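Below is the file model_17.txt, which contains compact mmCIF, C-alpha atoms.
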# COMPACT_ATOMS: atom_id res chain seq x y z
CA MET A 1 86.29 91.30 84.75
CA ILE A 2 89.31 93.38 85.78
CA ASN A 3 89.01 91.96 89.29
CA SER A 4 89.70 88.48 87.93
CA PHE A 5 93.12 89.43 86.53
CA ASN A 6 96.06 88.22 88.62
CA ASN A 7 98.94 88.52 86.16
CA VAL A 8 98.91 91.27 83.52
CA LEU A 9 101.42 92.12 80.81
CA ILE A 10 101.89 95.62 79.38
CA LEU A 11 103.67 95.96 76.03
CA ALA A 12 105.07 99.46 75.50
CA PRO A 13 106.87 100.16 72.22
CA HIS A 14 108.74 103.03 73.88
CA THR A 15 109.22 104.05 77.49
CA ASP A 16 106.17 106.09 78.63
CA ASP A 17 103.67 104.53 76.19
CA GLY A 18 102.30 102.18 78.83
CA GLU A 19 101.88 104.94 81.41
CA LEU A 20 100.20 107.22 78.86
CA GLY A 21 97.85 104.53 77.59
CA LEU A 22 96.84 102.94 80.88
CA GLY A 23 98.70 104.42 83.83
CA GLY A 24 95.49 104.73 85.83
CA THR A 25 94.50 101.16 85.07
CA ILE A 26 97.95 99.91 86.09
CA SER A 27 97.55 101.72 89.40
CA ARG A 28 94.16 100.10 89.95
CA LEU A 29 95.46 96.64 89.02
CA VAL A 30 98.39 96.91 91.44
CA GLU A 31 96.06 98.20 94.16
CA GLN A 32 93.86 95.11 93.86
CA GLY A 33 96.88 92.81 94.20
CA CYS A 34 97.52 92.02 90.54
CA THR A 35 101.09 91.37 89.41
CA VAL A 36 101.89 93.72 86.52
CA HIS A 37 104.72 93.07 84.09
CA TYR A 38 105.91 95.92 81.87
CA VAL A 39 108.04 95.48 78.74
CA ALA A 40 109.52 98.55 77.02
CA PHE A 41 110.99 97.73 73.62
CA SER A 42 113.07 100.88 73.16
CA THR A 43 114.51 103.72 75.23
CA ALA A 44 114.53 105.87 72.08
CA GLN A 45 118.07 107.13 72.59
CA GLU A 46 118.06 108.78 69.18
CA SER A 47 115.13 110.97 70.24
CA VAL A 48 116.37 112.14 73.64
CA PRO A 49 116.47 115.97 73.71
CA ALA A 50 119.79 117.79 73.81
CA GLY A 51 121.11 118.33 77.31
CA PHE A 52 120.05 114.94 78.64
CA PRO A 53 122.12 111.74 78.79
CA LYS A 54 121.28 109.42 75.90
CA ASP A 55 120.18 106.70 78.33
CA ALA A 56 117.94 109.06 80.34
CA LEU A 57 114.72 107.26 79.42
CA LYS A 58 116.06 104.01 80.85
CA TYR A 59 116.14 105.59 84.30
CA GLU A 60 112.95 107.54 83.80
CA VAL A 61 110.91 104.42 83.02
CA LYS A 62 112.30 102.72 86.12
CA ASN A 63 111.16 105.63 88.28
CA ALA A 64 107.81 105.98 86.50
CA THR A 65 106.83 102.32 86.77
CA LYS A 66 107.95 102.27 90.40
CA LYS A 67 105.53 105.14 91.10
CA LEU A 68 102.72 102.98 89.70
CA GLY A 69 103.70 100.09 91.96
CA ILE A 70 105.32 97.80 89.38
CA ALA A 71 108.09 95.74 90.98
CA GLU A 72 111.56 96.36 89.55
CA GLU A 73 111.97 92.67 88.70
CA ASN A 74 108.81 92.86 86.56
CA LEU A 75 110.18 95.64 84.34
CA THR A 76 111.96 94.55 81.15
CA ILE A 77 113.78 97.13 79.02
CA LEU A 78 114.83 96.09 75.51
CA ASP A 79 116.98 98.04 73.09
CA TYR A 80 115.36 98.09 69.65
CA PRO A 81 116.14 101.21 67.59
CA VAL A 82 113.33 103.76 67.56
CA ARG A 83 111.28 103.97 64.34
CA LYS A 84 112.98 100.83 62.97
CA PHE A 85 111.01 98.05 64.64
CA SER A 86 109.82 96.80 61.25
CA TYR A 87 113.37 95.71 60.46
CA HIS A 88 113.31 93.51 63.57
CA ARG A 89 109.79 92.10 63.36
CA GLN A 90 110.82 88.45 63.69
CA GLU A 91 113.16 89.09 66.60
CA ILE A 92 110.40 91.00 68.39
CA LEU A 93 107.96 88.12 67.82
CA GLU A 94 110.49 85.69 69.26
CA ASP A 95 110.96 87.94 72.29
CA LEU A 96 107.20 88.02 72.79
CA ILE A 97 106.89 84.24 72.63
CA LYS A 98 109.67 83.93 75.21
CA ILE A 99 107.94 86.48 77.45
CA ARG A 100 104.61 84.65 77.02
CA LYS A 101 106.15 81.41 78.31
CA GLU A 102 107.79 83.15 81.26
CA VAL A 103 104.91 85.38 82.37
CA LEU A 104 101.78 83.33 81.49
CA PRO A 105 99.57 86.42 81.70
CA ASP A 106 95.80 86.61 82.22
CA ALA A 107 95.59 89.66 79.97
CA ILE A 108 97.85 91.66 77.68
CA PHE A 109 97.60 95.36 76.86
CA ILE A 110 99.11 96.44 73.54
CA PRO A 111 98.86 99.54 71.34
CA SER A 112 95.58 99.81 69.48
CA THR A 113 95.32 97.94 66.18
CA ASP A 114 94.59 101.36 64.63
CA ASP A 115 97.75 103.03 65.96
CA VAL A 116 99.59 104.56 62.99
CA HIS A 117 103.04 104.96 64.58
CA GLN A 118 105.36 102.56 62.78
CA ASP A 119 106.85 101.05 65.96
CA HIS A 120 103.49 100.84 67.72
CA GLU A 121 102.04 99.07 64.69
CA VAL A 122 104.73 96.39 64.90
CA ILE A 123 104.19 95.75 68.61
CA SER A 124 100.42 95.62 68.08
CA ASN A 125 100.65 93.20 65.14
CA GLU A 126 103.25 90.93 66.70
CA GLY A 127 101.44 91.09 70.04
CA VAL A 128 98.30 89.74 68.37
CA ARG A 129 100.31 86.94 66.78
CA ALA A 130 102.10 85.97 69.98
CA PHE A 131 99.05 86.20 72.27
CA LYS A 132 96.15 85.21 70.02
CA GLY A 133 94.92 82.72 72.64
CA TYR A 134 94.76 85.31 75.43
CA ASN A 135 92.67 88.27 76.56
CA LEU A 136 93.98 91.16 74.47
CA PHE A 137 93.19 94.84 74.89
CA GLY A 138 94.41 97.77 72.81
CA TYR A 139 95.18 101.04 74.57
CA GLU A 140 94.71 104.44 72.97
CA LEU A 141 97.24 107.16 72.29
CA ILE A 142 94.95 109.66 70.59
CA TRP A 143 97.68 111.50 68.68
CA ASN A 144 98.38 108.23 66.84
CA ASN A 145 94.79 107.06 66.35
CA PHE A 146 92.77 108.17 63.31
CA ARG A 147 89.99 106.03 64.77
CA PHE A 148 89.61 103.98 67.92
CA LYS A 149 87.22 101.18 68.92
CA SER A 150 86.05 102.25 72.38
CA THR A 151 84.66 98.87 73.39
CA CYS A 152 85.94 98.55 76.96
CA PHE A 153 86.02 101.09 79.79
CA ILE A 154 87.76 100.76 83.16
CA GLU A 155 86.46 103.06 85.89
CA LEU A 156 89.13 104.92 87.82
CA GLN A 157 89.22 107.04 90.95
CA GLU A 158 91.06 110.28 91.71
CA LYS A 159 93.91 108.35 93.36
CA HIS A 160 94.52 106.35 90.18
CA ILE A 161 94.70 109.48 88.04
CA GLU A 162 97.05 111.09 90.56
CA LYS A 163 99.35 108.05 90.30
CA LYS A 164 99.31 108.29 86.50
CA ILE A 165 100.22 111.98 86.63
CA GLU A 166 102.92 111.33 89.22
CA SER A 167 104.47 108.55 87.13
CA LEU A 168 104.55 110.64 83.96
CA SER A 169 106.17 113.52 85.83
CA CYS A 170 109.24 111.26 86.06
CA TYR A 171 109.83 111.75 82.33
CA LYS A 172 111.84 114.96 82.48
CA THR A 173 112.93 114.42 78.88
CA GLN A 174 109.32 114.49 77.68
CA GLN A 175 107.84 117.44 79.56
CA ASN A 176 107.62 119.49 76.35
CA ARG A 177 104.99 117.09 75.01
CA ASP A 178 101.40 118.33 75.24
CA TYR A 179 100.13 114.87 76.12
CA ILE A 180 102.28 114.74 79.28
CA SER A 181 100.53 117.75 80.81
CA GLU A 182 98.28 117.26 83.82
CA ASP A 183 95.52 119.21 82.08
CA TYR A 184 95.46 116.77 79.18
CA LEU A 185 95.70 113.65 81.35
CA ARG A 186 92.82 114.74 83.56
CA SER A 187 90.61 116.00 80.75
CA HIS A 188 91.00 112.84 78.71
CA ALA A 189 90.23 110.60 81.69
CA ARG A 190 87.26 112.85 82.46
CA THR A 191 86.00 112.57 78.87
CA ARG A 192 86.14 108.79 78.99
CA GLY A 193 84.44 108.85 82.37
CA VAL A 194 81.58 110.99 81.07
CA GLN A 195 80.94 108.37 78.39
CA ILE A 196 80.04 105.78 81.03
CA GLY A 197 78.62 108.05 83.72
CA VAL A 198 81.55 108.12 86.15
CA LYS A 199 84.17 110.75 86.98
CA TYR A 200 87.24 109.10 85.44
CA ALA A 201 87.97 106.15 83.14
CA GLU A 202 90.41 104.77 80.63
CA CYS A 203 89.20 103.22 77.41
CA PHE A 204 90.39 100.17 75.48
CA GLU A 205 89.79 98.28 72.28
CA VAL A 206 88.72 94.69 72.89
CA ILE A 207 90.89 92.69 70.50
CA ARG A 208 90.12 89.31 72.02
CA CYS A 209 88.13 88.35 75.09
CA ILE A 210 88.14 84.75 76.28
CA ILE A 211 85.48 83.60 78.76
CA LYS A 212 86.11 80.31 80.54
Please rewrite the model in this file as structure tokens.
Amino acid sequence: MINSFNNVLILAPHTDDGELGLGGTISRLVEQGCTVHYVAFSTAQESVPAGFPKDALKYEVKNATKKLGIAEENLTILDYPVRKFSYHRQEILEDLIKIRKEVLPDAIFIPSTDDVHQDHEVISNEGVRAFKGYNLFGYELIWNNFRFKSTCFIELQEKHIEKKIESLSCYKTQQNRDYISEDYLRSHARTRGVQIGVKYAECFEVIRCIIK
């Protein structure tokens, strides 16, 4: 099915969420000629560590998505305040409807419907509302998931995992996070691969699948 996608949209509540949830899959999609659009809803300026410019994540996401092969013109960076998306739910929905009309995607990847982070929950819920007539897949961020519906697996190769690791290395502000480490990224992809009998994979929740 992944080979039939020509135009894919990634919704990332914060810069780096998309790379963490499906960086390997993005690399594979780009490799097969798919156009990938990436929307980051916040650069989380309030959470940038001391010693870095407050807008550091804006430049880091540009570098990270470039490493994955996403064209600069297909990266959209919005400026919603971190941890306060719920106050802007309607505005976010209106942004999503505008993006839907502009992009006309084959498939949309959003945070899992079981993601407990308050901002991720908003993007997941509003993503379902805006794209209910489309193929919708939820990506996992295991530190935010009490449970996860592992109903779709995408096989990856070493080169896709290397691209994911390379892209996440662009986030100098986030290198203290355990989930940015190469050990974690490889072991998680390996775990998902073992589940389907391959070396590496990423796993997704099927929210809606439309067969035509």
Q) Which of these, A:Lys67, A:His88, A:Lys62, A:Lys54, has the shortest distance to Lys163 (chain A) once you count all atoms listed in the file? A)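 For Lys163 (chain A), the nearest of the given residues is A:Lys67.
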Within 7 Å of region 9-17 of chain A, which residues of region 118-170 of chain A come that close, and what is the closest atom pair and distance in Å for each? Count all atoms listed in the file and give it as a tab-separated table.
residue	atom	partner	partner_atom	distance
A:Asp119	CA	A:Pro13	CA	6.3
A:His120	CA	A:Pro13	CA	5.7
A:Ile123	CA	A:Pro13	CA	6.3
Any chance you can output those residues with C-alpha atoms as a compact mmCIF listing (two decimals), in the coordinates of the input?
# COMPACT_ATOMS: atom_id res chain seq x y z
CA ASP A 119 106.85 101.05 65.96
CA HIS A 120 103.49 100.84 67.72
CA ILE A 123 104.19 95.75 68.61
Closest atom pairs, residues of region 22-95 of chain A within 8 Å of region 188-206 of chain A, all atoms listed in the file, as JSON lines:
{"residue": "A:Leu22", "atom": "CA", "partner": "A:Glu202", "partner_atom": "CA", "distance": 6.7}
{"residue": "A:Gly24", "atom": "CA", "partner": "A:Glu202", "partner_atom": "CA", "distance": 7.3}
{"residue": "A:Thr25", "atom": "CA", "partner": "A:Glu202", "partner_atom": "CA", "distance": 7.0}
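Of the residues listed (A:Cys152, A:Val36, A:Leu20, A:Met1), A:Leu20 shows the shortest atom-to-atom separation from Tyr171 (chain A); distances use all atoms listed in the file.
Distance check against Lys172 (chain A) using all atoms listed in the file: of A:Asn145, A:Asn63, A:Asn6, A:Thr113, the minimum falls on A:Asn63.
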So that I can check the surroundings of region 129-137 of chain A, please list as an MDAnalysis selection string every protein, DNA and RNA residue that reaches within 7 Å of it, counting only C-alpha atoms and ignoring chain neighbours fewer than 6 positions away. chainID A and resid 93 96:97 106:110 204:210
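Comparing A:Lys58, A:Arg100, A:Arg28, A:Lys84 by their smallest distance to His117 (chain A), the closest is A:Lys84 (using all atoms listed in the file).
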Suppose you want the space between CA of Ala50 (chain A) and CA of Lys164 (chain A); what is it in Å?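 Calculated distance between CA of Ala50 (chain A) and CA of Lys164 (chain A) is 25.9 Å.
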In terms of only C-alpha atoms, the residue from A:Leu78, A:Val48, A:Ala71, A:Val61 at minimal distance from Cys34 (chain A) is A:Ala71
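Using all atoms listed in the file, the shortest contact distance between Glu162 (chain A) and any of A:Glu182, A:Leu104, A:Glu31, A:Leu75 is found at A:Glu182.
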Centre and edge lengths of an axis-aligned box around all listed atoms of region 164-179 of chain A, with 6 Å added on each side, are to be given in Å to one decimal, as AutoDock Vina command-line options.
--center_x 106.1 --center_y 113.9 --center_z 82.1 --size_x 25.6 --size_y 23.2 --size_z 26.2
- If you measure from CA of Phe148 (chain A) to CA of Asp114 (chain A), what distance in Å do you get, rounded to one decimal?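 Straight-line distance from CA of Phe148 (chain A) to CA of Asp114 (chain A) works out to 6.5 Å.
Going from CA of Gln90 (chain A) to CA of Ser42 (chain A) covers 15.8 Å.
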**Q.** Test item: which residues lie within 9 Å of (84.6, 94.4, 85.0) counting only C-alpha atoms, as a list in words
**A.** Met1, Ile2, Asn3, Ser4, Phe153, Ile154 and Glu155 of chain A
- Task: Fewer than 4 positions away in the same chain doesn't count, so skip those; otherwise give me all residues within 8 Å of Ile70 (chain A), counting all atoms listed in the file, as a list in words.
- Result: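 My list of contacting residues is Val30, Thr35, Val36, His37, Tyr38, Thr65, Lys66, Asn74 and Leu75 of chain A.
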Sel. within 8 Å of pt (107.0, 91.4, 65.0), counting all atoms listed in the file, output as a compact mmCIF listing (two decimals) with C-alpha atoms, keeping the file's coordinate frame:
# COMPACT_ATOMS: atom_id res chain seq x y z
CA PHE A 85 111.01 98.05 64.64
CA SER A 86 109.82 96.80 61.25
CA HIS A 88 113.31 93.51 63.57
CA ARG A 89 109.79 92.10 63.36
CA GLN A 90 110.82 88.45 63.69
CA GLU A 91 113.16 89.09 66.60
CA ILE A 92 110.40 91.00 68.39
CA LEU A 93 107.96 88.12 67.82
CA GLU A 94 110.49 85.69 69.26
CA VAL A 122 104.73 96.39 64.90
CA ILE A 123 104.19 95.75 68.61
CA ASN A 125 100.65 93.20 65.14
CA GLU A 126 103.25 90.93 66.70
CA GLY A 127 101.44 91.09 70.04
Item to complete: Would you mind listing what lies within 7 Å of Leu68 (chain A) as a VMD selection string, with only C-alpha atoms counted and same-chain residues fewer than 6 positions away left out?
Response: chain A and resid 26 to 27 163 167
